[in-house]
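K.L.:
The structure file coords_18.cif (mmCIF, C-alpha atoms and all ligand atoms) is provided below.
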```cif
data_structure
loop_
_atom_site.label_atom_id
_atom_site.label_comp_id
_atom_site.auth_asym_id
_atom_site.auth_seq_id
_atom_site.Cartn_x
_atom_site.Cartn_y
_atom_site.Cartn_z
CA MET D 1 13.72 34.85 190.89
CA GLY D 2 10.79 36.81 192.36
CA LYS D 3 9.14 37.70 189.05
CA SER D 4 6.30 35.35 188.17
CA ASN D 5 4.53 36.39 184.98
CA LEU D 6 2.91 33.36 183.42
CA LEU D 7 4.23 33.07 179.86
CA TYR D 8 2.64 29.84 178.77
CA GLU D 9 0.39 27.15 180.15
CA GLY D 10 0.70 23.71 178.62
CA LYS D 11 -1.01 20.43 179.38
CA ALA D 12 1.63 19.28 181.86
CA LYS D 13 3.54 22.41 182.85
CA ARG D 14 3.49 26.18 183.23
CA LEU D 15 6.27 28.54 182.11
CA PHE D 16 7.02 31.71 184.04
CA GLU D 17 9.35 34.65 183.35
CA THR D 18 12.11 35.34 185.85
CA GLU D 19 14.11 38.52 186.60
CA ASP D 20 16.63 37.28 184.07
CA PRO D 21 15.14 37.59 180.56
CA GLN D 22 17.27 34.65 179.42
CA VAL D 23 15.87 32.31 182.08
CA LEU D 24 12.41 30.79 182.52
CA ARG D 25 10.93 28.89 185.46
CA VAL D 26 9.08 25.71 184.58
CA VAL D 27 6.47 24.39 187.00
CA TYR D 28 5.45 20.80 186.36
CA LEU D 29 1.75 20.03 186.97
CA ASP D 30 0.00 17.09 188.61
CA GLN D 31 -2.08 16.70 185.49
CA ALA D 32 -2.41 14.09 182.76
CA THR D 33 -4.25 14.57 179.50
CA ALA D 34 -5.08 12.37 176.54
CA LEU D 35 -6.88 12.83 173.23
CA ASN D 36 -5.50 16.37 172.84
CA GLY D 37 -6.86 17.46 176.23
CA VAL D 38 -10.33 15.91 175.92
CA ARG D 39 -9.53 13.59 178.82
CA LYS D 40 -7.91 15.28 181.80
CA ASP D 41 -7.10 14.04 185.32
CA MET D 42 -5.25 15.27 188.37
CA ILE D 43 -2.57 12.79 189.36
CA GLN D 44 -0.86 13.67 192.60
CA GLY D 45 2.89 13.12 192.50
CA LYS D 46 3.29 13.19 188.70
CA ALA D 47 4.79 16.70 188.65
CA GLU D 48 7.60 15.82 191.07
CA LEU D 49 8.40 12.62 189.21
CA ASN D 50 8.58 14.27 185.78
CA ASN D 51 10.62 17.18 187.13
CA GLN D 52 13.18 14.78 188.61
CA ILE D 53 13.28 12.45 185.60
CA THR D 54 13.76 15.22 183.05
CA ALA D 55 16.42 16.88 185.24
CA ILE D 56 18.45 13.66 185.49
CA ILE D 57 18.22 13.05 181.74
CA PHE D 58 19.10 16.61 180.71
CA GLU D 59 22.04 16.68 183.17
CA TYR D 60 23.25 13.42 181.64
CA PHE D 61 22.89 14.93 178.15
CA ASN D 62 25.01 17.90 179.24
CA GLN D 63 27.73 15.50 180.39
CA LYS D 64 27.55 13.81 176.99
CA GLY D 65 27.88 17.16 175.18
CA LEU D 66 24.27 17.07 174.03
CA LEU D 67 23.33 20.68 174.65
CA ASN D 68 19.83 21.49 175.92
CA HIS D 69 17.86 24.24 177.67
CA PHE D 70 18.06 22.78 181.21
CA ILE D 71 19.82 24.95 183.84
CA LYS D 72 18.90 23.47 187.24
CA LYS D 73 16.17 21.97 189.36
CA ILE D 74 15.11 24.48 192.04
CA SER D 75 12.37 22.62 193.91
CA LYS D 76 10.41 19.38 193.84
CA ASP D 77 8.30 20.48 190.91
CA GLU D 78 10.23 23.42 189.43
CA GLN D 79 13.30 23.89 187.25
CA LEU D 80 15.04 26.77 185.51
CA VAL D 81 15.60 26.58 181.79
CA GLU D 82 17.10 28.81 179.11
CA SER D 83 14.51 31.02 177.43
CA LEU D 84 14.18 29.92 173.80
CA LYS D 85 11.73 30.56 171.00
CA ILE D 86 10.12 27.15 170.66
CA ILE D 87 9.95 25.75 167.12
CA PRO D 88 6.35 24.48 166.65
CA LEU D 89 7.35 20.94 165.74
CA GLU D 90 6.96 17.70 167.63
CA VAL D 91 9.89 15.58 166.53
CA VAL D 92 9.14 11.89 167.04
CA ILE D 93 11.69 9.10 166.69
CA ARG D 94 10.55 5.48 166.59
CA ASN D 95 12.72 2.42 167.19
CA VAL D 96 9.88 -0.08 167.59
CA SER D 97 6.38 0.02 166.09
CA ALA D 98 3.69 1.30 168.45
CA GLY D 99 0.99 3.94 168.86
CA SER D 100 -0.08 6.01 165.87
CA PHE D 101 2.61 4.40 163.65
CA SER D 102 1.11 0.95 164.19
CA LYS D 103 -2.41 2.26 163.66
CA ARG D 104 -1.64 4.30 160.53
CA LEU D 105 0.34 1.58 158.77
CA SER D 106 -1.43 -1.43 160.26
CA ILE D 107 1.74 -2.85 161.75
CA SER D 108 1.45 -4.77 164.99
CA GLU D 109 2.99 -3.13 168.06
CA GLY D 110 6.41 -4.26 169.25
CA GLN D 111 8.21 -4.85 165.92
CA GLN D 112 11.82 -3.70 165.93
CA LEU D 113 12.28 -1.20 163.08
CA GLU D 114 15.30 -1.71 160.80
CA PHE D 115 16.34 1.89 161.37
CA PRO D 116 15.02 4.73 163.55
CA ILE D 117 12.14 6.50 161.85
CA LEU D 118 11.80 10.26 162.34
CA GLU D 119 8.49 12.06 161.97
CA PHE D 120 7.49 15.72 162.22
CA TYR D 121 4.16 16.85 163.66
CA TYR D 122 3.04 20.48 163.38
CA LYS D 123 2.23 21.76 166.87
CA ASP D 124 -1.19 23.27 166.35
CA ASP D 125 -4.04 22.20 168.63
CA HIS D 126 -6.69 23.55 166.20
CA LEU D 127 -5.34 21.27 163.47
CA ASP D 128 -4.83 18.41 165.95
CA ASP D 129 -1.03 18.37 165.44
CA PRO D 130 -0.93 16.88 161.91
CA MET D 131 2.05 14.88 160.68
CA ILE D 132 3.98 16.93 158.11
CA ASN D 133 7.09 16.44 155.98
CA ASP D 134 10.21 18.51 155.31
CA ASP D 135 8.57 20.41 152.44
CA HIS D 136 5.64 21.38 154.67
CA VAL D 137 8.10 22.56 157.34
CA LYS D 138 9.82 24.77 154.74
CA PHE D 139 6.54 25.96 153.17
CA LEU D 140 5.12 26.94 156.57
CA LYS D 141 8.43 28.73 157.34
CA ILE D 142 8.80 26.71 160.54
CA ALA D 143 12.44 26.00 159.75
CA THR D 144 14.89 26.29 156.86
CA GLU D 145 16.41 23.32 155.06
CA GLU D 146 19.63 23.78 157.02
CA GLU D 147 17.72 23.95 160.32
CA ILE D 148 15.74 20.83 159.41
CA ALA D 149 19.04 19.01 158.88
CA THR D 150 20.29 20.21 162.28
CA ILE D 151 17.06 19.15 164.00
CA LYS D 152 17.20 15.68 162.42
CA HIS D 153 20.88 15.25 163.28
CA GLU D 154 20.33 16.30 166.91
CA ALA D 155 17.19 14.15 167.26
CA HIS D 156 19.07 11.05 166.09
CA LYS D 157 21.87 11.88 168.55
CA VAL D 158 19.29 12.14 171.35
CA ASN D 159 17.95 8.75 170.26
CA ARG D 160 21.38 7.08 170.43
CA VAL D 161 22.13 8.50 173.88
CA LEU D 162 18.66 7.65 175.21
CA LEU D 163 18.69 4.11 173.76
CA ASP D 164 21.97 3.44 175.53
CA LEU D 165 20.87 5.08 178.80
CA PHE D 166 17.58 3.18 179.03
CA LYS D 167 19.24 -0.09 178.01
CA GLN D 168 21.54 0.27 181.01
CA ILE D 169 18.49 0.36 183.31
CA GLY D 170 16.62 -2.53 181.67
CA ILE D 171 14.24 -0.41 179.60
CA ARG D 172 13.48 -0.64 175.88
CA LEU D 173 13.05 2.80 174.30
CA ILE D 174 10.19 2.31 171.84
CA ASP D 175 9.70 5.90 170.70
CA PHE D 176 9.73 9.46 172.01
CA LYS D 177 8.84 13.05 171.20
CA ILE D 178 11.15 16.01 171.60
CA GLU D 179 11.00 19.72 170.83
CA PHE D 180 13.62 22.29 169.92
CA GLY D 181 13.97 26.04 170.40
CA ARG D 182 16.06 28.89 169.00
CA ARG D 183 18.41 31.17 170.90
CA PRO D 184 18.36 34.85 169.82
CA ASP D 185 21.50 34.11 167.74
CA GLY D 186 19.61 31.36 165.89
CA THR D 187 21.32 28.40 167.54
CA ILE D 188 18.96 25.44 167.79
CA LEU D 189 18.80 23.74 171.17
CA LEU D 190 16.92 20.77 172.60
CA ALA D 191 14.09 22.04 174.85
CA ASP D 192 10.88 20.91 176.56
CA GLU D 193 11.08 17.64 178.55
CA ILE D 194 12.01 13.98 178.35
CA THR D 195 9.75 12.00 180.67
CA PRO D 196 7.46 8.95 180.60
CA ASP D 197 4.82 11.42 179.31
CA THR D 198 6.83 11.91 176.12
CA CYS D 199 8.46 8.49 175.64
CA ARG D 200 7.28 4.92 175.27
CA LEU D 201 9.32 2.83 177.66
CA TRP D 202 8.86 -0.93 177.98
CA ASP D 203 10.43 -3.09 180.62
CA GLU D 204 13.07 -5.20 178.84
CA LYS D 205 12.05 -8.43 180.58
CA THR D 206 8.27 -8.18 180.90
CA SER D 207 7.45 -5.63 178.14
CA SER D 208 5.18 -3.89 180.66
CA HIS D 209 4.56 -0.21 179.96
CA LEU D 210 6.57 2.24 182.08
CA ASP D 211 5.06 5.34 180.48
CA LYS D 212 1.93 7.37 179.83
CA ASP D 213 0.32 4.54 177.84
CA VAL D 214 -0.67 3.22 181.29
CA TYR D 215 -2.94 6.28 181.49
CA ARG D 216 -3.89 6.42 177.80
CA LYS D 217 -4.93 2.75 177.78
CA ASN D 218 -6.34 2.66 181.33
CA LEU D 219 -3.85 0.00 182.41
CA GLY D 220 -3.58 1.17 186.03
CA GLU D 221 -1.88 3.86 188.14
CA ILE D 222 0.88 5.89 186.50
CA VAL D 223 2.63 7.15 189.65
CA PRO D 224 4.16 3.73 190.55
CA VAL D 225 5.47 3.19 187.00
CA TYR D 226 6.96 6.70 186.72
CA GLN D 227 8.49 6.10 190.17
CA GLU D 228 10.01 2.86 188.82
CA VAL D 229 11.68 4.78 185.96
CA LEU D 230 13.00 7.40 188.41
CA ASP D 231 14.29 4.73 190.85
CA ARG D 232 16.18 2.94 188.08
CA LEU D 233 17.71 6.22 186.85
CA LYS D 234 18.70 7.17 190.39
CA GLN D 235 20.27 3.76 190.94
CA LYS D 236 22.40 4.23 187.84
CA PHE D 237 23.58 7.70 188.84
CA ASN D 238 24.21 7.04 192.56
P1 LIG H 301 2.25 8.45 168.83
O1 LIG H 301 2.54 7.00 168.56
O2 LIG H 301 0.94 8.66 169.54
O3 LIG H 301 2.37 9.26 167.57
O4 LIG H 301 3.38 8.96 169.83
C1 LIG H 301 4.74 8.84 169.53
C2 LIG H 301 5.56 9.29 170.75
O5 LIG H 301 5.41 10.68 170.97
C3 LIG H 301 5.16 8.61 172.05
O6 LIG H 301 6.33 8.31 172.79
C4 LIG H 301 4.35 9.63 172.79
C5 LIG H 301 4.90 10.94 172.28
N1 LIG H 301 3.90 11.99 172.16
C6 LIG H 301 3.99 13.13 172.96
O7 LIG H 301 4.88 13.26 173.78
N2 LIG H 301 3.02 14.09 172.80
C7 LIG H 301 2.02 13.98 171.91
O8 LIG H 301 1.19 14.90 171.81
C8 LIG H 301 1.94 12.80 171.08
C9 LIG H 301 0.83 12.63 170.07
C10 LIG H 301 2.90 11.84 171.24
#
```
Would you mind writing the structure in this file as structure tokens?
Ligand code: TMP
P.N.:
Amino acid sequence: MGKSNLLYEGKAKRLFETEDPQVLRVVYLDQATALNGVRKDMIQGKAELNNQITAIIFEYFNQKGLLNHFIKKISKDEQLVESLKIIPLEVVIRNVSAGSFSKRLSISEGQQLEFPILEFYYKDDHLDDPMINDDHVKFLKIATEEEIATIKHEAHKVNRVLLDLFKQIGIRLIDFKIEFGRRPDGTILLADEITPDTCRLWDEKTSSHLDKDVYRKNLGEIVPVYQEVLDRLKQKFN
């Protein structure tokens, strides 16, 4: 895996090519951003925590038959993943009102939703990742109707598996964001990461935030809360 051409630099990770064109190396970064990158801080230890958390969750998904791009963790802050063409959609599922949903619809945070609500956001920093609907996805040729159905089906499956997993470790899954990619043959696969950066996780007993809202809302240090999520996951899998 000597080759190291940088393919993509995101807000929380870098993607490098490897000698195998079907495999990429992901390097998690000790960086947190908010407000679409306007606020940015170095947070030592975050990369290792997110690398471990996402690896545990994706390995668990593989056991459950929920296919995803993860291959293996190769160091504290690096993992190998399948090379996919990322679909420029942020797929959000909400179980409980919070964040932009609460703000947009003026619904207080913490209300259990009668059914999981799925939203699409168009990944485009210049447009500030606007929320779009199925027709926009088709119009923009981001995905076909059939692919949209697959994405929705898989996202709801991810939600069911994650809800159950987090419940087992005393955490309420409020909402989360996932991304999908395409294999050369067109198969759609879960990609990116599942970490406290991309989920809202509330402690079941205290409702304290165990996620990036601690950073977004200036509620304290994020490393101890991410560590808490990792410790609970490790306890379950040991
Ligand atoms: P929101 O309430 O701000 O729309 O966020 C919904 C969920 O999506 C929340 O768990 C945080 C996650 N998310 C990301 O992972 N990346 C993003 O850029 C945004 C806006 C949200």
K.L.:
Using all atoms listed in the file, find each residue with an atom at most 9 Å away from ligand LIG 301 (chain H) and format the answer as a ChimeraX atom specification.
P.N.:
/D:34-36,90-94,97-103,119,121,123,129,131,173-178,193-201,211-213
K.L.:
Keeping C-alpha atoms for every residue in the selection just given, could you write it to a file as a PDB file, in the coordinates of the input?
P.N.:
```pdb
ATOM      1  CA  ALA D  34      -5.080  12.370 176.540  1.00  0.00           C
ATOM      2  CA  LEU D  35      -6.880  12.830 173.230  1.00  0.00           C
ATOM      3  CA  ASN D  36      -5.500  16.370 172.840  1.00  0.00           C
ATOM      4  CA  GLU D  90       6.960  17.700 167.630  1.00  0.00           C
ATOM      5  CA  VAL D  91       9.890  15.580 166.530  1.00  0.00           C
ATOM      6  CA  VAL D  92       9.140  11.890 167.040  1.00  0.00           C
ATOM      7  CA  ILE D  93      11.690   9.100 166.690  1.00  0.00           C
ATOM      8  CA  ARG D  94      10.550   5.480 166.590  1.00  0.00           C
ATOM      9  CA  SER D  97       6.380   0.020 166.090  1.00  0.00           C
ATOM     10  CA  ALA D  98       3.690   1.300 168.450  1.00  0.00           C
ATOM     11  CA  GLY D  99       0.990   3.940 168.860  1.00  0.00           C
ATOM     12  CA  SER D 100      -0.080   6.010 165.870  1.00  0.00           C
ATOM     13  CA  PHE D 101       2.610   4.400 163.650  1.00  0.00           C
ATOM     14  CA  SER D 102       1.110   0.950 164.190  1.00  0.00           C
ATOM     15  CA  LYS D 103      -2.410   2.260 163.660  1.00  0.00           C
ATOM     16  CA  GLU D 119       8.490  12.060 161.970  1.00  0.00           C
ATOM     17  CA  TYR D 121       4.160  16.850 163.660  1.00  0.00           C
ATOM     18  CA  LYS D 123       2.230  21.760 166.870  1.00  0.00           C
ATOM     19  CA  ASP D 129      -1.030  18.370 165.440  1.00  0.00           C
ATOM     20  CA  MET D 131       2.050  14.880 160.680  1.00  0.00           C
ATOM     21  CA  LEU D 173      13.050   2.800 174.300  1.00  0.00           C
ATOM     22  CA  ILE D 174      10.190   2.310 171.840  1.00  0.00           C
ATOM     23  CA  ASP D 175       9.700   5.900 170.700  1.00  0.00           C
ATOM     24  CA  PHE D 176       9.730   9.460 172.010  1.00  0.00           C
ATOM     25  CA  LYS D 177       8.840  13.050 171.200  1.00  0.00           C
ATOM     26  CA  ILE D 178      11.150  16.010 171.600  1.00  0.00           C
ATOM     27  CA  GLU D 193      11.080  17.640 178.550  1.00  0.00           C
ATOM     28  CA  ILE D 194      12.010  13.980 178.350  1.00  0.00           C
ATOM     29  CA  THR D 195       9.750  12.000 180.670  1.00  0.00           C
ATOM     30  CA  PRO D 196       7.460   8.950 180.600  1.00  0.00           C
ATOM     31  CA  ASP D 197       4.820  11.420 179.310  1.00  0.00           C
ATOM     32  CA  THR D 198       6.830  11.910 176.120  1.00  0.00           C
ATOM     33  CA  CYS D 199       8.460   8.490 175.640  1.00  0.00           C
ATOM     34  CA  ARG D 200       7.280   4.920 175.270  1.00  0.00           C
ATOM     35  CA  LEU D 201       9.320   2.830 177.660  1.00  0.00           C
ATOM     36  CA  ASP D 211       5.060   5.340 180.480  1.00  0.00           C
ATOM     37  CA  LYS D 212       1.930   7.370 179.830  1.00  0.00           C
ATOM     38  CA  ASP D 213       0.320   4.540 177.840  1.00  0.00           C
TER      39      ASP D 213
END
```
K.L.:
Using all atoms listed in the file, which protein or nucleic acid residues come within 6 Å of Gln79 in chain D? Drop anything in the same chain fewer than 4 positions from it, and give the result as a ChimeraX atom specification.
P.N.:
/D:25-26,72-74
K.L.:
Kindly indicate which residue among D:Leu105, D:Ile43, D:Leu89, D:Ile56 lies nearest to Lys152 in chain D, using all atoms listed in the file for the distances.
P.N.:
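Result for the nearest residue to Lys152 in chain D: D:Leu89.
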K.L.:
Could you tell me, as a list in words, which residues have any atom at most 10 Å from (-5.0, 13.6, 179.0), counting only C-alpha atoms?
P.N.:
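Residues with an atom at most 10 Å from (-5.0, 13.6, 179.0): Lys11, Ala12, Gln31, Ala32, Thr33, Ala34, Leu35, Asn36, Gly37, Val38, Arg39, Lys40, Asp41, Met42, Lys212, Tyr215 and Arg216 of chain D.
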K.L.:
Could you tell me which of D:Arg182, D:Leu190, D:Lys64, D:Gly170 comes closest to Lys205 in chain D if we count only C-alpha atoms?
P.N.:
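Using only C-alpha atoms, Lys205 in chain D sits closest to D:Gly170.
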K.L.:
Point out the residue among D:Asp30, D:Asp77, D:Glu9, D:Asp164 with the least atom-to-atom distance to Ile53 in chain D, counting all atoms listed in the file.
P.N.:
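Nearest to Ile53 in chain D: D:Asp77.
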K.L.:
What does the distance between CA of Gly181 in chain D and CA of Val27 in chain D come to in Å, to one decimal place?
P.N.:
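About the pair CA of Gly181 in chain D and CA of Val27 in chain D: they are 18.3 Å apart.
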K.L.:
Closest to Lys46 in chain D among D:Phe115, D:Tyr28, D:Phe139, D:Phe70, using only C-alpha atoms?
P.N.:
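Using only C-alpha atoms, the shortest distance to Lys46 in chain D belongs to D:Tyr28.
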